[in-house]
Amino acid sequence: NTTLGPALGGTRMWHYAKHEDAVLDVLRLSRGMTFKASIAGLNLGGGKAVIIGDSRTMKNEALLRRFGKFVESLNGKYITAEDVGMSTKDMEQIHTETGHVTGLPEYLGGSGDPSPVTAYGVYMGMKASAKHVYGSDNLNGKKVVVQGAGNVGRYLIQHLVNEGAEVMVADIFEDRLKEVQAVAPQAKVIDPDSVFTQTMDIFAPCALGGILNDHTIPSLTCAIVAGGANNQLQEEGKHGAMLMDRGIAYAPDFLINSGGLINVYGEIVGYNKEVAMKKAEYIYDVTRNIHKESAESLVSSGEVAVRFAQERI
Ligand code: NAD
């Protein structure tokens, strides 16, 4: 969608089993980007690109430059960035063929790693959800389970332990957990299979999508779900409603993880990290409004967020 501006969104390289799987993924992702840009108040449309192939064995300079030529052929209607299977370094190679690239390293005038801004926005969305549920946004003493100790998870955990939350963290890779423990030794490591059944106040999915589904939602003991992962609800309508029926306040993922997009948007309008952080803070107010509207209208928070985004478009 290019109604609000050029469609900005990352490129994902993945070994899709079928052509149709790749098309479905890119459409789901670009739809999410459209809503994310709109609700974050950015003058951007929503787009995403996928390259079919194994990024560990099939990615090379020729492929990336050919892809760069393709992006260039769209004359700026689509602006790319990194996603799964792509790095800042790959953006440099794409950049040799097109200027329509964001997420470049800082030494090339780019905004660098967006994760700290994403994590700060997630933290704001979580605090706003706590205010809605508990009447206070203080997370001191709250039990928070973070699924995924990656870039977003790690920065989020630092905010949480600084505020005195009791953090539990799970990852499938030991080295990622070690990175977290180096900066936040207070966080307790738990088994990845136990994340949905822990006794907790807040669940923060920061790994992959589709994890809120028929199997996991009935086990959750939390009052809030607020995390950075994209497409957390396996089926938007059904699983958003299921969370609501269980009395769990869900902070819409595309809203509270929009800090990363806010950060790369700076590369188009003139980058300033402090401005990006300030804009990410606004996620607090929007999350509050969405929970309020959801409670009054008895429509799930996910649906309310989509409506807010669609109104602006
Ligand atoms: P990342 O790859 O650095 O971290 C993801 C972590 O999740 C990895 O350490 C991985 O081992 C772990 N993981 C995977 N499956 C798991 C499981 N079953 N249980 C526990 N851990 C598991 O990625 P990231 O940049 O931190 O992004 C995390 C999520 O946030 C993704 O869904 C991404 O699309 C989304 N997101 C990221 C940004 C950003 O700025 N990085 C912005 C918006 C959205």
# chains A, B, ... in the order shown; residues from 1 in each chain; ligands from 1
call {"tool": "residues_around", "arguments": {"residues": "A:Gln158", "least_positions_apart": "5", "cutoff": "9 Å", "atoms": "only C-alpha atoms", "output": "list in words"}}
result
Gly153, Glu163, Val180, Val183 and Ala184 of chain A
call {"tool": "residues_near_ligand", "arguments": {"ligand": "ligand 1", "cutoff": "6 Å", "atoms": "only C-alpha atoms and all ligand atoms", "output": "JSON, numbers by chain"}}
result
{"A": [114, 115, 118, 147, 148, 149, 150, 151, 152, 153, 170, 171, 172, 173, 176, 192, 206, 207, 208, 209, 228, 229, 230, 257, 260]}
call {"tool": "write_last_selection", "arguments": {"atoms": "N, CA, C and O atoms", "output": "tab-separated table (two decimals), in the first residue's frame"}}
result
chain	number	residue	atom	x	y	z
A	114	PRO	N	18.17	-1.17	14.68
A	114	PRO	CA	16.93	-0.56	15.18
A	114	PRO	C	16.44	-1.16	16.51
A	114	PRO	O	15.54	-0.62	17.14
A	115	SER	N	17.05	-2.27	16.94
A	115	SER	CA	16.50	-3.02	18.09
A	115	SER	C	16.35	-2.22	19.38
A	115	SER	O	15.35	-2.40	20.09
A	118	THR	N	13.16	-0.36	19.01
A	118	THR	CA	12.04	-1.30	19.04
A	118	THR	C	11.74	-1.72	20.48
A	118	THR	O	10.59	-1.69	20.93
A	147	GLN	N	10.04	-14.44	25.86
A	147	GLN	CA	10.37	-15.56	24.97
A	147	GLN	C	11.28	-15.02	23.87
A	147	GLN	O	10.84	-14.24	23.03
A	148	GLY	N	12.54	-15.44	23.87
A	148	GLY	CA	13.49	-14.96	22.85
A	148	GLY	C	14.46	-13.96	23.44
A	148	GLY	O	14.07	-12.85	23.82
A	149	ALA	N	15.72	-14.37	23.53
A	149	ALA	CA	16.75	-13.50	24.10
A	149	ALA	C	17.59	-12.88	22.98
A	149	ALA	O	18.80	-12.78	23.08
A	150	GLY	N	16.92	-12.50	21.91
A	150	GLY	CA	17.63	-11.90	20.77
A	150	GLY	C	17.83	-10.41	20.98
A	150	GLY	O	17.91	-9.93	22.12
A	151	ASN	N	17.92	-9.70	19.87
A	151	ASN	CA	18.23	-8.26	19.97
A	151	ASN	C	17.16	-7.50	20.73
A	151	ASN	O	17.46	-6.74	21.65
A	152	VAL	N	15.90	-7.71	20.34
A	152	VAL	CA	14.81	-6.97	21.00
A	152	VAL	C	14.66	-7.45	22.45
A	152	VAL	O	14.59	-6.65	23.38
A	153	GLY	N	14.65	-8.78	22.63
A	153	GLY	CA	14.50	-9.35	23.97
A	153	GLY	C	15.55	-8.83	24.94
A	153	GLY	O	15.23	-8.44	26.06
A	170	ALA	N	13.68	-17.20	28.08
A	170	ALA	CA	13.94	-18.48	27.42
A	170	ALA	C	14.47	-18.24	26.02
A	170	ALA	O	14.04	-17.30	25.34
A	171	ASP	N	15.40	-19.08	25.60
A	171	ASP	CA	15.86	-19.06	24.21
A	171	ASP	C	16.30	-20.46	23.85
A	171	ASP	O	16.60	-21.28	24.73
A	172	ILE	N	16.32	-20.74	22.54
A	172	ILE	CA	16.75	-22.08	22.12
A	172	ILE	C	18.26	-22.13	21.92
A	172	ILE	O	18.82	-23.19	21.70
A	173	PHE	N	18.93	-20.97	21.99
A	173	PHE	CA	20.39	-20.93	21.84
A	173	PHE	C	21.06	-20.39	23.10
A	173	PHE	O	20.72	-19.30	23.58
A	176	ARG	N	22.79	-16.82	23.09
A	176	ARG	CA	21.91	-15.65	23.23
A	176	ARG	C	21.59	-15.41	24.71
A	176	ARG	O	21.53	-14.29	25.18
A	192	PRO	N	12.60	-23.30	27.28
A	192	PRO	CA	11.75	-22.74	26.21
A	192	PRO	C	10.37	-23.38	26.13
A	192	PRO	O	9.40	-22.73	25.75
A	206	CYS	N	9.10	-12.38	22.09
A	206	CYS	CA	10.13	-11.65	21.33
A	206	CYS	C	10.91	-12.60	20.44
A	206	CYS	O	12.11	-12.40	20.20
A	207	ALA	N	10.24	-13.68	19.97
A	207	ALA	CA	10.92	-14.62	19.08
A	207	ALA	C	10.20	-14.63	17.73
A	207	ALA	O	10.35	-13.69	16.95
A	208	LEU	N	9.37	-15.65	17.51
A	208	LEU	CA	8.73	-15.77	16.19
A	208	LEU	C	7.23	-15.53	16.27
A	208	LEU	O	6.67	-15.39	17.35
A	209	GLY	N	6.58	-15.49	15.11
A	209	GLY	CA	5.15	-15.23	15.03
A	209	GLY	C	4.32	-16.50	15.26
A	209	GLY	O	4.85	-17.60	15.42
A	228	GLY	N	7.63	-8.01	21.29
A	228	GLY	CA	8.12	-7.40	20.05
A	228	GLY	C	7.93	-8.23	18.79
A	228	GLY	O	8.09	-7.70	17.69
A	229	ALA	N	7.61	-9.51	18.92
A	229	ALA	CA	7.54	-10.37	17.72
A	229	ALA	C	6.43	-9.90	16.78
A	229	ALA	O	5.40	-9.40	17.22
A	230	ASN	N	6.65	-10.10	15.48
A	230	ASN	CA	5.64	-9.76	14.47
A	230	ASN	C	4.62	-10.89	14.36
A	230	ASN	O	4.98	-12.06	14.53
A	257	ASN	N	5.73	-2.74	18.43
A	257	ASN	CA	7.08	-2.98	17.89
A	257	ASN	C	7.42	-2.02	16.75
A	257	ASN	O	8.35	-2.25	15.99
A	260	GLY	N	11.20	0.15	15.58
A	260	GLY	CA	12.22	-0.15	14.56
A	260	GLY	C	11.93	0.61	13.27
A	260	GLY	O	12.83	1.15	12.62
call {"tool": "residues_around", "arguments": {"residues": "stretch 30-38 of chain A", "least_positions_apart": "2", "cutoff": "8 Å", "atoms": "only C-alpha atoms", "output": "VMD selection string"}}
result
chain A and resid 1 4 7 to 9 26 to 28 40 to 48 231 254 to 255 258 261 306 309 to 310 312 to 313
call {"tool": "atom_distance", "arguments": {"atom1": "atom CA of A:Arg307", "atom2": "atom CA of A:Leu74"}}
result
29.1 Å
call {"tool": "atom_distance", "arguments": {"atom1": "atom CA of A:His215", "atom2": "atom CA of A:Ile256"}}
result
24.1 Å
call {"tool": "residues_around", "arguments": {"residues": "A:His239", "least_positions_apart": "4", "cutoff": "7 Å", "atoms": "only C-alpha atoms", "output": "list in words"}}
result
Leu212, Asn213, Leu233, Gln234, Glu235 and Leu243 of chain A
call {"tool": "residues_around", "arguments": {"residues": "stretch 54-67 of chain A", "least_positions_apart": "3", "cutoff": "10 Å", "atoms": "only C-alpha atoms", "output": "ChimeraX atom specification"}}
result
/A:11-16,49,51,70-73,84-86,90-98
call {"tool": "write_last_selection", "arguments": {"atoms": "C-alpha atoms", "output": "short mmCIF file (atom, residue, chain, number, x, y, z; two decimals), in the first residue's frame"}}
result
data_model
loop_
_atom_site.label_atom_id
_atom_site.label_comp_id
_atom_site.auth_asym_id
_atom_site.auth_seq_id
_atom_site.Cartn_x
_atom_site.Cartn_y
_atom_site.Cartn_z
CA THR A 11 13.55 -8.07 2.79
CA ARG A 12 13.27 -11.60 4.15
CA MET A 13 15.36 -14.41 2.68
CA TRP A 14 13.89 -17.79 3.54
CA HIS A 15 13.83 -21.28 2.00
CA TYR A 16 10.07 -21.39 1.38
CA ALA A 49 10.08 -8.23 -0.01
CA ILE A 51 13.76 -13.75 -1.68
CA PHE A 70 14.97 -4.76 -9.02
CA VAL A 71 14.30 -2.40 -6.08
CA GLU A 72 15.71 0.47 -8.18
CA SER A 73 13.28 -0.41 -11.03
CA VAL A 84 15.14 -12.38 8.72
CA GLY A 85 18.12 -13.75 6.75
CA MET A 86 19.45 -10.26 5.92
CA ASP A 90 23.73 -7.04 2.89
CA MET A 91 22.02 -3.65 2.76
CA GLU A 92 25.39 -2.16 1.81
CA GLN A 93 25.58 -4.43 -1.23
CA ILE A 94 22.00 -3.69 -2.27
CA HIS A 95 22.88 -0.01 -1.81
CA THR A 96 25.48 -0.24 -4.60
CA GLU A 97 22.56 -0.57 -7.07
CA THR A 98 19.85 1.57 -5.47
#
call {"tool": "select_by_dssp", "arguments": {"residues": "stretch 88-202 of chain A", "states": "strand (DSSP E)", "output": "list of chain:residue names"}}
result
A:Lys143, A:Val144, A:Val145, A:Val146, A:Gln147, A:Glu166, A:Val167, A:Met168, A:Val169, A:Ala170, A:Lys188, A:Val189, A:Ile202
call {"tool": "residues_around", "arguments": {"residues": "A:Gln198", "least_positions_apart": "3", "cutoff": "10 Å", "atoms": "only C-alpha atoms", "output": "short mmCIF file (atom, residue, chain, number, x, y, z; two decimals) with N, CA, C and O atoms, in the first residue's frame"}}
result
data_model
loop_
_atom_site.label_atom_id
_atom_site.label_comp_id
_atom_site.auth_asym_id
_atom_site.auth_seq_id
_atom_site.Cartn_x
_atom_site.Cartn_y
_atom_site.Cartn_z
N LYS A 143 6.06 -10.23 37.48
CA LYS A 143 6.73 -11.39 36.88
C LYS A 143 6.55 -11.32 35.36
O LYS A 143 5.41 -11.40 34.88
N VAL A 144 7.66 -11.18 34.65
CA VAL A 144 7.58 -11.05 33.19
C VAL A 144 8.36 -12.18 32.53
O VAL A 144 9.54 -12.38 32.81
N VAL A 145 7.68 -12.94 31.63
CA VAL A 145 8.36 -13.98 30.87
C VAL A 145 8.68 -13.45 29.48
O VAL A 145 7.79 -13.00 28.75
N MET A 168 11.91 -13.62 33.67
CA MET A 168 12.29 -14.99 33.29
C MET A 168 12.49 -14.98 31.79
O MET A 168 11.72 -14.34 31.07
N ILE A 190 14.76 -19.88 31.91
CA ILE A 190 13.78 -20.97 32.03
C ILE A 190 13.77 -21.79 30.74
O ILE A 190 14.27 -21.34 29.70
N ASP A 191 13.14 -22.95 30.81
CA ASP A 191 13.09 -23.85 29.66
C ASP A 191 12.17 -23.26 28.57
O ASP A 191 11.08 -22.80 28.88
N ASP A 193 10.27 -24.67 26.53
CA ASP A 193 8.96 -25.34 26.46
C ASP A 193 8.02 -24.90 27.58
O ASP A 193 6.84 -25.24 27.54
N SER A 194 8.56 -24.19 28.58
CA SER A 194 7.72 -23.86 29.73
C SER A 194 7.16 -22.44 29.69
O SER A 194 6.46 -22.02 30.62
N VAL A 195 7.46 -21.70 28.62
CA VAL A 195 7.10 -20.27 28.65
C VAL A 195 5.59 -20.02 28.76
O VAL A 195 5.17 -19.05 29.38
N ASP A 201 2.80 -12.44 35.35
CA ASP A 201 1.86 -11.33 35.17
C ASP A 201 1.82 -10.90 33.71
O ASP A 201 0.78 -10.53 33.18
N PHE A 203 3.42 -11.61 29.65
CA PHE A 203 4.13 -12.46 28.70
C PHE A 203 4.62 -11.58 27.55
O PHE A 203 3.83 -10.84 26.95
N SER A 219 -3.36 -22.03 28.14
CA SER A 219 -2.40 -22.26 29.24
C SER A 219 -1.93 -20.97 29.90
O SER A 219 -1.36 -21.02 31.00
N LEU A 220 -2.11 -19.83 29.25
CA LEU A 220 -1.50 -18.60 29.77
C LEU A 220 -2.10 -18.18 31.11
O LEU A 220 -3.33 -18.15 31.26
N THR A 221 -1.22 -17.82 32.06
CA THR A 221 -1.69 -17.36 33.37
C THR A 221 -1.56 -15.84 33.51
O THR A 221 -1.90 -15.28 34.54
N CYS A 222 -1.03 -15.19 32.48
CA CYS A 222 -0.73 -13.76 32.58
C CYS A 222 -1.99 -12.89 32.41
O CYS A 222 -3.02 -13.36 31.93
#
call {"tool": "residues_around", "arguments": {"residues": "A:Ala249", "least_positions_apart": "6", "cutoff": "8 Å", "atoms": "only C-alpha atoms", "output": "list in words"}}
result
Ser129, Val133, Ala223, Ile224, Val225, Leu243, His291 and Ser301 of chain A
call {"tool": "write_last_selection", "arguments": {"atoms": "all heavy atoms", "output": "compact mmCIF listing (two decimals), in the first residue's frame"}}
result
# COMPACT_ATOMS: atom_id res chain seq x y z
N SER A 129 -0.03 -0.98 29.09
CA SER A 129 -0.95 -2.09 29.33
C SER A 129 -1.08 -2.34 30.83
O SER A 129 -2.17 -2.64 31.34
CB SER A 129 -0.45 -3.37 28.64
OG SER A 129 -0.29 -3.13 27.26
N VAL A 133 -4.44 -2.36 33.15
CA VAL A 133 -4.88 -3.53 33.91
C VAL A 133 -4.79 -3.31 35.42
O VAL A 133 -5.70 -3.66 36.17
CB VAL A 133 -4.04 -4.77 33.51
CG1 VAL A 133 -4.30 -5.96 34.43
CG2 VAL A 133 -4.33 -5.16 32.07
N ALA A 223 -1.85 -11.62 32.80
CA ALA A 223 -2.94 -10.65 32.58
C ALA A 223 -2.67 -9.80 31.35
O ALA A 223 -3.56 -9.12 30.84
CB ALA A 223 -3.07 -9.75 33.82
N ILE A 224 -1.42 -9.82 30.87
CA ILE A 224 -1.01 -8.97 29.75
C ILE A 224 -0.11 -9.75 28.80
O ILE A 224 0.76 -10.50 29.25
CB ILE A 224 -0.20 -7.74 30.29
CG1 ILE A 224 -1.10 -6.82 31.12
CG2 ILE A 224 0.47 -6.96 29.16
CD1 ILE A 224 -0.34 -5.78 31.94
N VAL A 225 -0.32 -9.56 27.49
CA VAL A 225 0.66 -10.01 26.50
C VAL A 225 1.19 -8.77 25.80
O VAL A 225 0.41 -7.99 25.23
CB VAL A 225 0.05 -10.98 25.45
CG1 VAL A 225 1.07 -11.30 24.36
CG2 VAL A 225 -0.44 -12.27 26.09
N LEU A 243 -8.07 -14.24 23.46
CA LEU A 243 -7.34 -13.58 24.56
C LEU A 243 -8.29 -12.69 25.35
O LEU A 243 -8.28 -12.67 26.58
CB LEU A 243 -6.19 -12.72 23.99
CG LEU A 243 -4.96 -13.48 23.50
CD1 LEU A 243 -4.01 -12.53 22.77
CD2 LEU A 243 -4.21 -14.15 24.66
N HIS A 291 -6.55 0.08 24.43
CA HIS A 291 -7.13 -0.75 25.51
C HIS A 291 -8.46 -0.16 25.98
O HIS A 291 -9.42 -0.89 26.23
CB HIS A 291 -6.16 -0.83 26.69
CG HIS A 291 -5.01 -1.78 26.47
ND1 HIS A 291 -5.17 -3.06 25.97
CD2 HIS A 291 -3.68 -1.64 26.70
CE1 HIS A 291 -3.98 -3.66 25.89
NE2 HIS A 291 -3.07 -2.82 26.32
N SER A 301 -8.50 -5.80 21.15
CA SER A 301 -7.53 -4.71 20.97
C SER A 301 -6.86 -4.77 19.59
O SER A 301 -6.60 -3.74 18.98
CB SER A 301 -6.47 -4.78 22.07
OG SER A 301 -5.90 -6.07 22.11
call {"tool": "select_by_dssp", "arguments": {"residues": "stretch 33-217 of chain A", "states": "alpha helix (DSSP H)", "output": "compact mmCIF listing (two decimals) with N, CA and C atoms, in the first residue's frame"}}
result
# COMPACT_ATOMS: atom_id res chain seq x y z
N MET A 33 2.99 -4.17 7.81
CA MET A 33 3.79 -2.94 7.70
C MET A 33 2.91 -1.74 7.38
N THR A 34 1.87 -1.95 6.58
CA THR A 34 0.96 -0.87 6.22
C THR A 34 0.29 -0.32 7.48
N PHE A 35 -0.18 -1.23 8.34
CA PHE A 35 -0.85 -0.81 9.58
C PHE A 35 0.16 -0.19 10.54
N LYS A 36 1.36 -0.77 10.57
CA LYS A 36 2.38 -0.29 11.51
C LYS A 36 2.75 1.16 11.20
N ALA A 37 3.00 1.44 9.91
CA ALA A 37 3.39 2.80 9.52
C ALA A 37 2.27 3.78 9.83
N SER A 38 1.04 3.34 9.55
CA SER A 38 -0.10 4.23 9.76
C SER A 38 -0.29 4.56 11.23
N ILE A 39 -0.30 3.53 12.07
CA ILE A 39 -0.60 3.74 13.49
C ILE A 39 0.54 4.48 14.19
N GLU A 61 27.01 -11.71 -3.54
CA GLU A 61 26.99 -10.33 -4.02
C GLU A 61 26.16 -10.19 -5.28
N ALA A 62 26.29 -11.14 -6.21
CA ALA A 62 25.55 -11.04 -7.48
C ALA A 62 24.04 -11.03 -7.23
N LEU A 63 23.60 -11.92 -6.33
CA LEU A 63 22.16 -12.00 -6.04
C LEU A 63 21.68 -10.70 -5.39
N LEU A 64 22.44 -10.21 -4.43
CA LEU A 64 22.02 -8.99 -3.72
C LEU A 64 22.00 -7.78 -4.66
N ARG A 65 22.98 -7.70 -5.56
CA ARG A 65 23.01 -6.56 -6.50
C ARG A 65 21.90 -6.68 -7.53
N ARG A 66 21.58 -7.91 -7.94
CA ARG A 66 20.45 -8.11 -8.87
C ARG A 66 19.16 -7.67 -8.18
N PHE A 67 19.05 -8.02 -6.90
CA PHE A 67 17.87 -7.62 -6.12
C PHE A 67 17.84 -6.09 -6.01
N GLY A 68 19.00 -5.48 -5.79
CA GLY A 68 19.10 -4.01 -5.71
C GLY A 68 18.60 -3.36 -7.00
N LYS A 69 18.95 -3.96 -8.14
CA LYS A 69 18.48 -3.42 -9.44
C LYS A 69 16.96 -3.50 -9.54
N PHE A 70 16.43 -4.59 -9.00
CA PHE A 70 14.97 -4.76 -9.02
C PHE A 70 14.30 -3.68 -8.16
N VAL A 71 14.85 -3.45 -6.97
CA VAL A 71 14.30 -2.40 -6.08
C VAL A 71 14.38 -1.05 -6.80
N GLU A 72 15.51 -0.80 -7.46
CA GLU A 72 15.71 0.47 -8.18
C GLU A 72 14.65 0.64 -9.28
N SER A 73 14.25 -0.49 -9.92
CA SER A 73 13.28 -0.41 -11.03
C SER A 73 11.92 0.06 -10.55
N THR A 88 22.80 -5.86 8.03
CA THR A 88 23.17 -4.49 7.66
C THR A 88 24.19 -4.52 6.52
N LYS A 89 25.08 -5.51 6.57
CA LYS A 89 26.11 -5.65 5.53
C LYS A 89 25.48 -5.93 4.16
N ASP A 90 24.41 -6.75 4.15
CA ASP A 90 23.73 -7.04 2.89
C ASP A 90 23.10 -5.77 2.31
N MET A 91 22.63 -4.90 3.22
CA MET A 91 22.02 -3.65 2.76
C MET A 91 23.06 -2.81 2.02
N GLU A 92 24.30 -2.90 2.47
CA GLU A 92 25.39 -2.16 1.81
C GLU A 92 25.53 -2.60 0.36
N GLN A 93 25.43 -3.93 0.14
CA GLN A 93 25.58 -4.43 -1.23
C GLN A 93 24.38 -4.05 -2.10
N ILE A 94 23.20 -4.11 -1.52
CA ILE A 94 22.00 -3.69 -2.27
C ILE A 94 22.13 -2.20 -2.61
N HIS A 95 22.72 -1.46 -1.68
CA HIS A 95 22.88 -0.01 -1.81
C HIS A 95 23.79 0.36 -3.00
N SER A 115 17.05 -2.27 16.94
CA SER A 115 16.50 -3.02 18.09
C SER A 115 16.35 -2.22 19.38
N PRO A 116 17.31 -1.33 19.74
CA PRO A 116 17.10 -0.58 20.99
C PRO A 116 15.83 0.27 20.96
N VAL A 117 15.52 0.84 19.80
CA VAL A 117 14.32 1.68 19.70
C VAL A 117 13.07 0.78 19.70
N THR A 118 13.16 -0.36 19.01
CA THR A 118 12.04 -1.30 19.04
C THR A 118 11.74 -1.72 20.48
N ALA A 119 12.81 -2.10 21.20
CA ALA A 119 12.64 -2.59 22.58
C ALA A 119 12.05 -1.50 23.47
N TYR A 120 12.47 -0.26 23.27
CA TYR A 120 11.95 0.84 24.09
C TYR A 120 10.44 1.03 23.83
N GLY A 121 10.05 0.90 22.57
CA GLY A 121 8.62 1.01 22.23
C GLY A 121 7.82 -0.12 22.85
N VAL A 122 8.38 -1.33 22.84
CA VAL A 122 7.70 -2.49 23.45
C VAL A 122 7.53 -2.23 24.95
N TYR A 123 8.58 -1.70 25.56
CA TYR A 123 8.55 -1.37 26.99
C TYR A 123 7.44 -0.34 27.27
N MET A 124 7.32 0.65 26.42
CA MET A 124 6.26 1.67 26.58
C MET A 124 4.87 1.03 26.46
N GLY A 125 4.72 0.14 25.47
CA GLY A 125 3.44 -0.54 25.27
C GLY A 125 3.10 -1.44 26.46
N MET A 126 4.13 -2.04 27.04
CA MET A 126 3.92 -2.91 28.21
C MET A 126 3.49 -2.08 29.41
N LYS A 127 4.15 -0.95 29.62
CA LYS A 127 3.80 -0.09 30.76
C LYS A 127 2.37 0.46 30.61
N ALA A 128 2.02 0.83 29.38
CA ALA A 128 0.66 1.35 29.15
C ALA A 128 -0.37 0.26 29.42
N SER A 129 -0.03 -0.98 29.09
CA SER A 129 -0.95 -2.09 29.33
C SER A 129 -1.08 -2.34 30.83
N ALA A 130 0.03 -2.20 31.56
CA ALA A 130 0.00 -2.37 33.02
C ALA A 130 -0.88 -1.29 33.65
N LYS A 131 -0.77 -0.08 33.13
CA LYS A 131 -1.60 1.02 33.65
C LYS A 131 -3.09 0.68 33.45
N HIS A 132 -3.39 0.12 32.30
CA HIS A 132 -4.78 -0.25 32.00
C HIS A 132 -5.28 -1.36 32.93
N VAL A 133 -4.44 -2.36 33.15
CA VAL A 133 -4.88 -3.53 33.91
C VAL A 133 -4.79 -3.31 35.42
N TYR A 134 -3.67 -2.72 35.88
CA TYR A 134 -3.43 -2.62 37.33
C TYR A 134 -3.68 -1.22 37.89
N ASN A 151 17.92 -9.70 19.87
CA ASN A 151 18.23 -8.26 19.97
C ASN A 151 17.16 -7.50 20.73
N VAL A 152 15.90 -7.71 20.34
CA VAL A 152 14.81 -6.97 21.00
C VAL A 152 14.66 -7.45 22.45
N GLY A 153 14.65 -8.78 22.63
CA GLY A 153 14.50 -9.35 23.97
C GLY A 153 15.55 -8.83 24.94
N ARG A 154 16.79 -8.79 24.49
CA ARG A 154 17.89 -8.38 25.37
C ARG A 154 17.73 -6.92 25.83
N TYR A 155 17.43 -6.02 24.90
CA TYR A 155 17.26 -4.61 25.29
C TYR A 155 16.03 -4.42 26.17
N LEU A 156 14.97 -5.18 25.86
CA LEU A 156 13.75 -5.08 26.67
C LEU A 156 14.04 -5.51 28.11
N ILE A 157 14.74 -6.61 28.25
CA ILE A 157 15.05 -7.15 29.59
C ILE A 157 15.82 -6.13 30.42
N GLN A 158 16.72 -5.39 29.78
CA GLN A 158 17.49 -4.38 30.53
C GLN A 158 16.56 -3.32 31.12
N HIS A 159 15.58 -2.87 30.33
CA HIS A 159 14.61 -1.90 30.87
C HIS A 159 13.85 -2.51 32.05
N LEU A 160 13.46 -3.79 31.88
CA LEU A 160 12.62 -4.42 32.90
C LEU A 160 13.36 -4.63 34.22
N VAL A 161 14.59 -5.13 34.14
CA VAL A 161 15.31 -5.36 35.41
C VAL A 161 15.66 -4.03 36.08
N ASN A 162 15.92 -3.01 35.27
CA ASN A 162 16.21 -1.68 35.86
C ASN A 162 15.02 -1.17 36.67
N GLU A 174 22.02 -21.18 23.58
CA GLU A 174 22.76 -20.87 24.79
C GLU A 174 23.49 -19.52 24.68
N ASP A 175 24.09 -19.25 23.51
CA ASP A 175 24.90 -18.02 23.39
C ASP A 175 24.03 -16.76 23.55
N ARG A 176 22.79 -16.82 23.09
CA ARG A 176 21.91 -15.65 23.23
C ARG A 176 21.59 -15.41 24.71
N LEU A 177 21.40 -16.53 25.45
CA LEU A 177 21.11 -16.40 26.89
C LEU A 177 22.31 -15.83 27.63
N LYS A 178 23.49 -16.24 27.20
CA LYS A 178 24.71 -15.73 27.85
C LYS A 178 24.82 -14.22 27.64
N GLU A 179 24.46 -13.76 26.43
CA GLU A 179 24.52 -12.32 26.14
C GLU A 179 23.58 -11.55 27.07
N VAL A 180 22.42 -12.14 27.34
CA VAL A 180 21.47 -11.49 28.26
C VAL A 180 22.03 -11.48 29.67
N GLN A 181 22.56 -12.63 30.09
CA GLN A 181 23.06 -12.71 31.47
C GLN A 181 24.23 -11.76 31.71
N ALA A 182 24.97 -11.45 30.63
CA ALA A 182 26.10 -10.53 30.78
C ALA A 182 25.61 -9.11 31.11
N VAL A 183 24.44 -8.74 30.57
CA VAL A 183 23.95 -7.37 30.82
C VAL A 183 22.85 -7.32 31.88
call {"tool": "atom_distance", "arguments": {"atom1": "atom CA of A:Gly270", "atom2": "atom CA of A:Gly103"}}
result
13.1 Å
call {"tool": "closest_residue", "arguments": {"among": "A:Ala17, A:Ala280, A:Ile217, A:Ser300", "to": "A:Tyr265", "atoms": "only C-alpha atoms"}}
result
A:Ala280
call {"tool": "closest_residue", "arguments": {"among": "A:Glu293, A:Arg288, A:Gly210, A:Ile248", "to": "A:Ser136", "atoms": "only C-alpha atoms"}}
result
A:Arg288
